[in-house]
Each structure stands twice: as C-alpha cells, then as structure tokens.
$ cat coords-v4.txt   # compact mmCIF, C-alpha atoms
# COMPACT_ATOMS: atom_id res chain seq x y z
CA MET A 1 66.31 -5.25 -42.80
CA CYS A 2 67.38 -6.43 -39.34
CA THR A 3 67.60 -9.95 -37.97
CA SER A 4 68.53 -10.72 -34.36
CA ILE A 5 69.31 -14.22 -33.09
CA LYS A 6 70.16 -15.95 -29.82
CA VAL A 7 72.64 -18.82 -30.09
CA ASP A 8 73.13 -21.12 -27.11
CA TYR A 9 76.23 -23.02 -26.02
CA ASP A 10 76.99 -25.23 -23.03
CA GLY A 11 77.95 -22.28 -20.81
CA GLY A 12 75.32 -19.72 -21.83
CA SER A 13 74.18 -17.72 -24.84
CA VAL A 14 75.43 -15.14 -27.30
CA MET A 15 73.34 -12.73 -29.31
CA GLY A 16 73.94 -11.28 -32.74
CA ARG A 17 72.17 -9.06 -35.23
CA ASN A 18 72.68 -7.73 -38.71
CA MET A 19 71.45 -4.49 -40.24
CA ASP A 20 71.25 -4.49 -44.03
CA LEU A 21 70.64 -0.97 -45.32
CA ASP A 22 71.19 0.55 -48.76
CA MET A 23 73.18 3.44 -47.30
CA ASP A 24 76.28 4.03 -45.24
CA ILE A 25 75.62 4.79 -41.57
CA ASP A 26 78.32 6.00 -39.24
CA TYR A 27 78.33 4.03 -36.02
CA SER A 28 80.14 4.21 -32.71
CA VAL A 29 80.68 1.85 -29.80
CA LEU A 30 79.71 3.54 -26.52
CA TYR A 31 80.55 2.57 -22.96
CA TYR A 32 78.48 3.94 -20.08
CA PRO A 33 80.02 3.69 -16.61
CA VAL A 34 77.77 3.47 -13.54
CA GLY A 35 76.25 6.82 -12.66
CA CYS A 36 76.36 8.23 -16.19
CA GLU A 37 73.48 10.50 -17.23
CA TYR A 38 72.62 8.98 -20.59
CA SER A 39 69.40 10.92 -21.32
CA GLN A 40 66.28 12.49 -19.80
CA ASP A 41 62.75 11.20 -19.33
CA LEU A 42 59.75 13.06 -20.77
CA TYR A 43 59.58 15.28 -17.68
CA ASN A 44 63.21 16.32 -18.33
CA ASN A 45 64.40 14.36 -15.30
CA PRO A 46 67.90 12.88 -15.73
CA LEU A 47 68.21 9.18 -16.52
CA VAL A 48 71.26 7.69 -14.79
CA ASN A 49 72.38 4.09 -15.21
CA LYS A 50 72.69 1.70 -12.25
CA TYR A 51 74.74 -0.78 -14.29
CA LYS A 52 77.63 -0.50 -16.71
CA MET A 53 76.61 -0.95 -20.33
CA LEU A 54 78.19 -1.14 -23.76
CA GLY A 55 76.67 -1.00 -27.21
CA VAL A 56 76.42 0.44 -30.69
CA CYS A 57 74.84 3.74 -31.68
CA PHE A 58 74.48 5.55 -35.00
CA ARG A 59 75.07 9.09 -36.28
CA ASN A 60 76.68 10.20 -33.00
CA MET A 61 73.38 9.79 -31.14
CA ASN A 62 73.59 8.40 -27.62
CA PRO A 63 70.71 5.88 -27.61
CA LEU A 64 72.03 2.38 -28.24
CA LYS A 65 70.56 0.20 -30.96
CA ASP A 66 71.99 -2.97 -29.44
CA GLY A 67 74.16 -3.70 -26.43
CA VAL A 68 74.83 -5.51 -23.17
CA ASN A 69 75.14 -4.59 -19.50
CA GLU A 70 77.48 -5.86 -16.79
CA HIS A 71 75.00 -8.54 -15.67
CA GLY A 72 74.69 -10.09 -19.10
CA LEU A 73 71.35 -8.59 -20.11
CA MET A 74 71.71 -7.98 -23.84
CA GLY A 75 69.36 -6.98 -26.60
CA SER A 76 68.54 -5.18 -29.81
CA THR A 77 66.03 -2.75 -31.28
CA ASN A 78 64.33 -3.61 -34.57
CA MET A 79 61.91 -1.56 -36.65
CA PHE A 80 58.25 -2.40 -36.11
CA TYR A 81 56.11 -0.46 -38.55
CA ALA A 82 52.48 0.02 -37.54
CA MET A 83 49.93 2.75 -36.90
CA ASN A 84 49.45 4.49 -33.55
CA LEU A 85 51.90 2.37 -31.60
CA PHE A 86 52.46 4.82 -28.77
CA SER A 87 50.46 7.24 -26.66
CA GLY A 88 50.36 10.95 -27.48
CA LYS A 89 50.77 12.17 -23.91
CA VAL A 90 52.63 11.40 -20.71
CA GLU A 91 51.03 9.44 -17.90
CA PRO A 92 51.57 10.81 -14.37
CA GLY A 93 52.91 8.36 -11.82
CA LYS A 94 54.81 6.29 -14.37
CA ILE A 95 58.28 6.39 -15.88
CA ASN A 96 57.65 8.29 -19.09
CA LEU A 97 60.09 7.62 -21.92
CA ASP A 98 60.32 7.91 -25.67
CA SER A 99 60.87 4.69 -27.63
CA LEU A 100 64.38 5.82 -28.60
CA ASN A 101 65.59 5.70 -24.98
CA TYR A 102 63.66 2.70 -23.67
CA PHE A 103 66.36 0.25 -24.74
CA ASN A 104 69.03 2.19 -22.83
CA TYR A 105 66.72 2.36 -19.83
CA CYS A 106 66.43 -1.45 -19.75
CA LEU A 107 70.17 -2.09 -19.89
CA ALA A 108 70.71 0.65 -17.31
CA ASN A 109 68.25 -0.73 -14.74
CA TYR A 110 67.63 -4.48 -15.06
CA LYS A 111 69.74 -7.60 -14.51
CA THR A 112 67.34 -10.12 -16.03
CA CYS A 113 64.41 -10.45 -18.39
CA GLN A 114 62.24 -11.31 -15.39
CA GLU A 115 63.03 -7.96 -13.75
CA LEU A 116 62.35 -6.14 -17.01
CA VAL A 117 58.98 -7.79 -17.53
CA ALA A 118 57.92 -7.24 -13.91
CA ASP A 119 58.51 -3.51 -14.28
CA LEU A 120 56.56 -3.07 -17.53
CA PRO A 121 53.41 -1.78 -15.77
CA ASN A 122 55.47 1.17 -14.50
CA ILE A 123 56.72 2.17 -17.97
CA HIS A 124 54.88 4.51 -20.33
CA ILE A 125 56.06 5.35 -23.86
CA SER A 126 54.83 8.62 -25.31
CA LYS A 127 55.33 10.56 -28.54
CA LYS A 128 55.19 13.86 -26.64
CA ASP A 129 56.78 15.21 -23.47
CA TYR A 130 54.96 16.79 -20.52
CA LEU A 131 54.78 20.14 -22.34
CA GLY A 132 53.30 18.59 -25.46
CA ASN A 133 56.51 18.85 -27.48
CA LYS A 134 57.15 16.08 -29.96
CA ALA A 135 59.62 13.42 -28.79
CA ILE A 136 61.75 11.23 -31.05
CA THR A 137 59.74 8.02 -31.04
CA PRO A 138 60.69 5.54 -33.77
CA ASP A 139 58.57 2.47 -34.36
CA PHE A 140 60.58 -0.09 -32.39
CA HIS A 141 60.11 -3.45 -30.80
CA TYR A 142 62.82 -4.91 -28.60
CA TYR A 143 64.49 -8.27 -28.08
CA PHE A 144 66.27 -9.11 -24.81
CA VAL A 145 68.29 -12.13 -23.63
CA ASP A 146 69.79 -12.53 -20.16
CA ALA A 147 72.60 -14.55 -18.59
CA LEU A 148 70.09 -17.18 -17.44
CA GLY A 149 69.15 -17.90 -21.05
CA ASP A 150 65.69 -16.33 -20.83
CA SER A 151 64.57 -14.23 -23.78
CA VAL A 152 61.64 -11.90 -24.38
CA VAL A 153 60.31 -9.68 -27.13
CA ILE A 154 58.76 -6.40 -25.99
CA GLU A 155 56.17 -5.06 -28.41
CA PRO A 156 53.80 -2.09 -28.31
CA THR A 157 50.22 -3.34 -28.19
CA ASN A 158 47.26 -0.97 -27.80
CA LYS A 159 49.75 1.79 -26.83
CA LYS A 160 51.21 -0.33 -24.03
CA LEU A 161 54.36 -2.44 -23.92
CA THR A 162 53.69 -6.18 -23.83
CA ALA A 163 56.19 -8.98 -23.18
CA TYR A 164 56.24 -12.25 -25.12
CA GLU A 165 58.47 -15.19 -24.32
CA ASN A 166 60.64 -15.80 -27.37
CA LYS A 167 61.17 -19.54 -27.62
CA TYR A 168 62.12 -19.13 -31.29
CA LYS A 169 65.38 -17.27 -30.49
CA VAL A 170 64.83 -14.97 -33.48
CA MET A 171 63.48 -11.49 -34.07
CA THR A 172 63.16 -9.59 -37.35
CA ASN A 173 60.89 -6.63 -38.14
CA SER A 174 57.10 -6.29 -38.16
CA PRO A 175 54.64 -8.07 -38.16
CA PRO A 176 54.20 -9.02 -34.47
CA LEU A 177 55.86 -12.08 -32.98
CA ASP A 178 52.65 -14.13 -32.90
CA HIS A 179 52.26 -13.64 -36.66
CA HIS A 180 55.85 -14.78 -37.26
CA ALA A 181 55.23 -17.81 -35.05
CA ARG A 182 52.08 -18.74 -36.94
CA LYS A 183 53.79 -18.52 -40.33
CA LEU A 184 56.76 -20.49 -39.01
CA GLU A 185 54.57 -23.30 -37.72
CA GLU A 186 52.62 -23.38 -40.98
CA THR A 187 55.88 -23.73 -42.92
CA ILE A 188 57.87 -26.13 -40.74
CA ALA A 189 54.99 -28.36 -39.62
CA PRO A 190 54.21 -31.56 -41.60
CA LYS A 191 52.02 -30.81 -44.60
CA ASN A 192 49.89 -33.21 -46.64
CA GLY A 193 51.44 -36.28 -45.10
CA ARG A 194 55.05 -35.31 -45.81
CA ARG A 195 57.61 -33.57 -43.67
CA PHE A 196 59.17 -30.18 -44.26
CA HIS A 197 61.87 -30.36 -46.95
CA PRO A 198 64.32 -27.48 -46.49
CA ALA A 199 65.80 -27.71 -49.98
CA LYS A 200 62.39 -26.89 -51.43
CA ASP A 201 60.34 -25.31 -48.65
CA LEU A 202 62.77 -23.03 -46.81
CA PRO A 203 61.89 -19.43 -47.78
CA GLY A 204 64.53 -17.56 -49.72
CA GLY A 205 63.08 -14.06 -49.59
CA TYR A 206 64.39 -11.12 -47.57
CA ASP A 207 61.07 -9.97 -46.12
CA PRO A 208 60.82 -10.15 -42.30
CA VAL A 209 58.66 -13.30 -42.23
CA SER A 210 60.96 -15.22 -44.59
CA ARG A 211 64.05 -14.13 -42.64
CA PHE A 212 62.42 -15.19 -39.37
CA ILE A 213 61.69 -18.70 -40.67
CA LYS A 214 65.11 -19.12 -42.27
CA ALA A 215 66.98 -17.86 -39.20
CA TYR A 216 64.99 -20.16 -36.94
CA TYR A 217 65.63 -23.20 -39.15
CA LEU A 218 69.36 -22.54 -39.47
CA ASN A 219 69.74 -21.92 -35.73
CA GLU A 220 67.89 -25.13 -34.87
CA ASN A 221 69.87 -27.29 -37.29
CA ILE A 222 73.40 -25.90 -37.13
CA ALA A 223 76.01 -27.99 -35.28
CA ASN A 224 75.67 -27.75 -31.50
CA ALA A 225 77.91 -25.12 -29.93
CA VAL A 226 79.99 -26.34 -27.00
CA THR A 227 82.08 -23.24 -26.30
CA ARG A 228 81.42 -19.53 -26.57
CA ALA A 229 83.72 -19.46 -29.60
CA ASP A 230 81.55 -22.14 -31.24
CA ALA A 231 78.44 -20.06 -30.56
CA LEU A 232 80.01 -16.95 -32.07
CA GLU A 233 81.04 -18.92 -35.15
CA ASN A 234 77.49 -20.23 -35.49
CA THR A 235 76.12 -16.72 -35.10
CA TYR A 236 78.27 -15.38 -37.94
CA SER A 237 77.40 -18.36 -40.14
CA ILE A 238 73.65 -17.90 -39.65
CA LEU A 239 73.71 -14.16 -40.17
CA GLU A 240 75.91 -14.52 -43.26
CA ALA A 241 73.22 -16.75 -44.79
CA LEU A 242 70.69 -13.94 -44.20
CA LYS A 243 72.88 -11.18 -45.62
CA ILE A 244 71.39 -9.14 -48.44
CA PRO A 245 73.76 -8.79 -51.42
CA GLU A 246 75.27 -5.34 -51.89
CA ALA A 247 73.22 -3.10 -54.21
CA PHE A 248 70.26 -5.50 -53.94
CA THR A 249 66.98 -3.67 -54.57
$ encode --input "coords-v4.txt" --output "structure tokens"
Amino acid sequence: MCTSIKVDYDGGSVMGRNMDLDMDIDYSVLYYPVGCEYSQDLYNNPLVNKYKMLGVCFRNMNPLKDGVNEHGLMGSTNMFYAMNLFSGKVEPGKINLDSLNYFNYCLANYKTCQELVADLPNIHISKKDYLGNKAITPDFHYYFVDALGDSVVIEPTNKKLTAYENKYKVMTNSPPLDHHARKLEETIAPKNGRRFHPAKDLPGGYDPVSRFIKAYYLNENIANAVTRADALENTYSILEALKIPEAFT
C-alpha cells in the first residue's frame, strides 16, 4: 500500500511517499559517497555511483526503496504486480540489471529525468544473471522527479522499460499509469451535466486506483505552497489523509 506524490512550491518540488504494511519492517537511511560500489550488474561487474545519493532501505539490504542524489533527482519504487514483467535472460551489449538495483543505478548515474529517459534503450532488466542463476527481481515500477520539476514513471512493458510523463504528480501501485489516468478522468470529469462533487464522489477506498484519485485531488486543491516548508507541510497533510488505520484488514 504505497502512495508517492510530488508537491510543488515556488522554488521547486518535494517528493513524499508512505508505505502502509501490516507488519514491522526495519529500515535504515543510507548515504553513498561518490565512487562507492553499491552492487553488481548481472555480469558481476561492479556498479559504482557517479553522484552522491541518500535514501531508505529495508532489512539491512543495500538497494534503496526511495531516495535523492546530489543533483536533486529523487524517486521511489512501488510494487507493480503483473505477469512476466521482465526478461529471463541477459542481453549482450546492454547494461543488465535486476529490478532491485535499477533504482540505485538511476540515482547513481543521472542528473535529470531527461537523461534517465534517454538512456532507457541501453538498460535491460532480467530475472537471471549471465550464468542463468536467479536474480532478485521484485515487481516494481518507478517514479522520478528532478530539480527542474520534470517527473516520469518508468514501467515494464513487454519486458522493456517504458517512460511515461507523469502530469498527475502521483504514483500508487498497479495497474499501469494509463489505467489510473483513465479512471481519474472518468471520476473527476463532469458527468451527466453536473460537476464532480468531492464530498460524494471522491473515492474513500484504499485500493491503488482510489488512492491515486484521492491523492491527485488533494494535491490539486490544497493551499498553494510558497516555501519548501509549505510544500513539506502539504506533503504530510496529503499522505496523512491516505494513511491506512492501524490493524486495518
């Protein structure tokens, strides 16, 4: 149950996410200095970061689940359940990674969303390494925001990574972004000659589609943020409204 949002203010953007789980998960904040070997690719070559990065990991595992680098590229990983998302073998001539380490790779190597998207044809995600051994490859999609205010969602499509501009400033879990967008526009758009009435029509469920619509609506209609502090306050307010009550089943 994860929701990620981008909140703008006059000087830039902040990004926040929640993670509502029915279990305790140990987490750590990790800092990677330039030149740190943070993992290996699927040919066992070392992966070393060009840029400083900071983020959160779980269960003492190095791959970050969300974070930011020194140039302001920030993002999150969210679960994206589907069948056969990734290839079952490496592809020579490309940068071969598992889905667990792709997020780190982006923060380690790109300054902007534009750079990240331009390099997608060179990236290959596989469930197995070059020897055929199984790699840790969770079903992820990824949300990135940069210091210029651009934002993209990276989703696996036909076993390739595809970039989608995210004008909605929200990401939850599966289904794909285009499905969320369609349901959002069906809900918010005028219906039967009357306009959307949030007191009656705003979804109250905790499924990914309902959370997407609610987060979008709250982000669009909350008081404008002038300062970074305002944006952070808005972020906490929006995510608090999406919080699942403890012991909720």
$ residues_around --input "coords-v4.txt" --residues "Glu70 in chain A" --least-positions-apart "4" --cutoff "12 Å" --atoms "all atoms listed in the file" --output "list in words"
Tyr31, Tyr32, Pro33, Val34, Asn49, Lys50, Tyr51, Lys52, Met53, Leu54, Gly55, Met74, Leu107, Ala108, Asn109, Tyr110, Lys111, Thr112, Asp146 and Ala147 of chain A
$ closest_residue --input "coords-v4.txt" --among "A:Glu155, A:Asp139, A:Glu220, A:Glu91" --to "Tyr168 in chain A" --atoms "all atoms listed in the file"
A:Glu220
$ residues_around --input "coords-v4.txt" --residues "range 178-185 of chain A" --least-positions-apart "3" --cutoff "6 Å" --atoms "all atoms listed in the file" --output "number ranges by chain"
A: 188-189, 209, 213
$ residues_around --input "coords-v4.txt" --residues "Thr137 in chain A" --least-positions-apart "5" --cutoff "9 Å" --atoms "only C-alpha atoms" --output "PDB file with C-alpha atoms, in the frame of the given file"
ATOM      1  CA  PHE A  86      52.460   4.820 -28.770  1.00  0.00           C
ATOM      2  CA  ASP A  98      60.320   7.910 -25.670  1.00  0.00           C
ATOM      3  CA  SER A  99      60.870   4.690 -27.630  1.00  0.00           C
ATOM      4  CA  LEU A 100      64.380   5.820 -28.600  1.00  0.00           C
ATOM      5  CA  ASN A 101      65.590   5.700 -24.980  1.00  0.00           C
ATOM      6  CA  ILE A 125      56.060   5.350 -23.860  1.00  0.00           C
ATOM      7  CA  SER A 126      54.830   8.620 -25.310  1.00  0.00           C
ATOM      8  CA  LYS A 127      55.330  10.560 -28.540  1.00  0.00           C
ATOM      9  CA  LYS A 128      55.190  13.860 -26.640  1.00  0.00           C
TER      10      LYS A 128
END
$ closest_residue --input "coords-v4.txt" --among "A:Asp129, A:Asp8, A:Glu115, A:Asp26" --to "Asn44 in chain A" --atoms "all atoms listed in the file"
A:Asp129
$ closest_residue --input "coords-v4.txt" --among "A:Met83, A:Leu218, A:Ala223, A:Val56" --to "Met19 in chain A" --atoms "only C-alpha atoms"
A:Val56
$ axis_aligned_box --input "coords-v4.txt" --around "range 135-154 of chain A" --padding-each-side "5 Å" --output "AutoDock Vina command-line options"
--center_x 65.6 --center_y -2.2 --center_z -25.9 --size_x 24.0 --size_y 41.3 --size_z 26.9
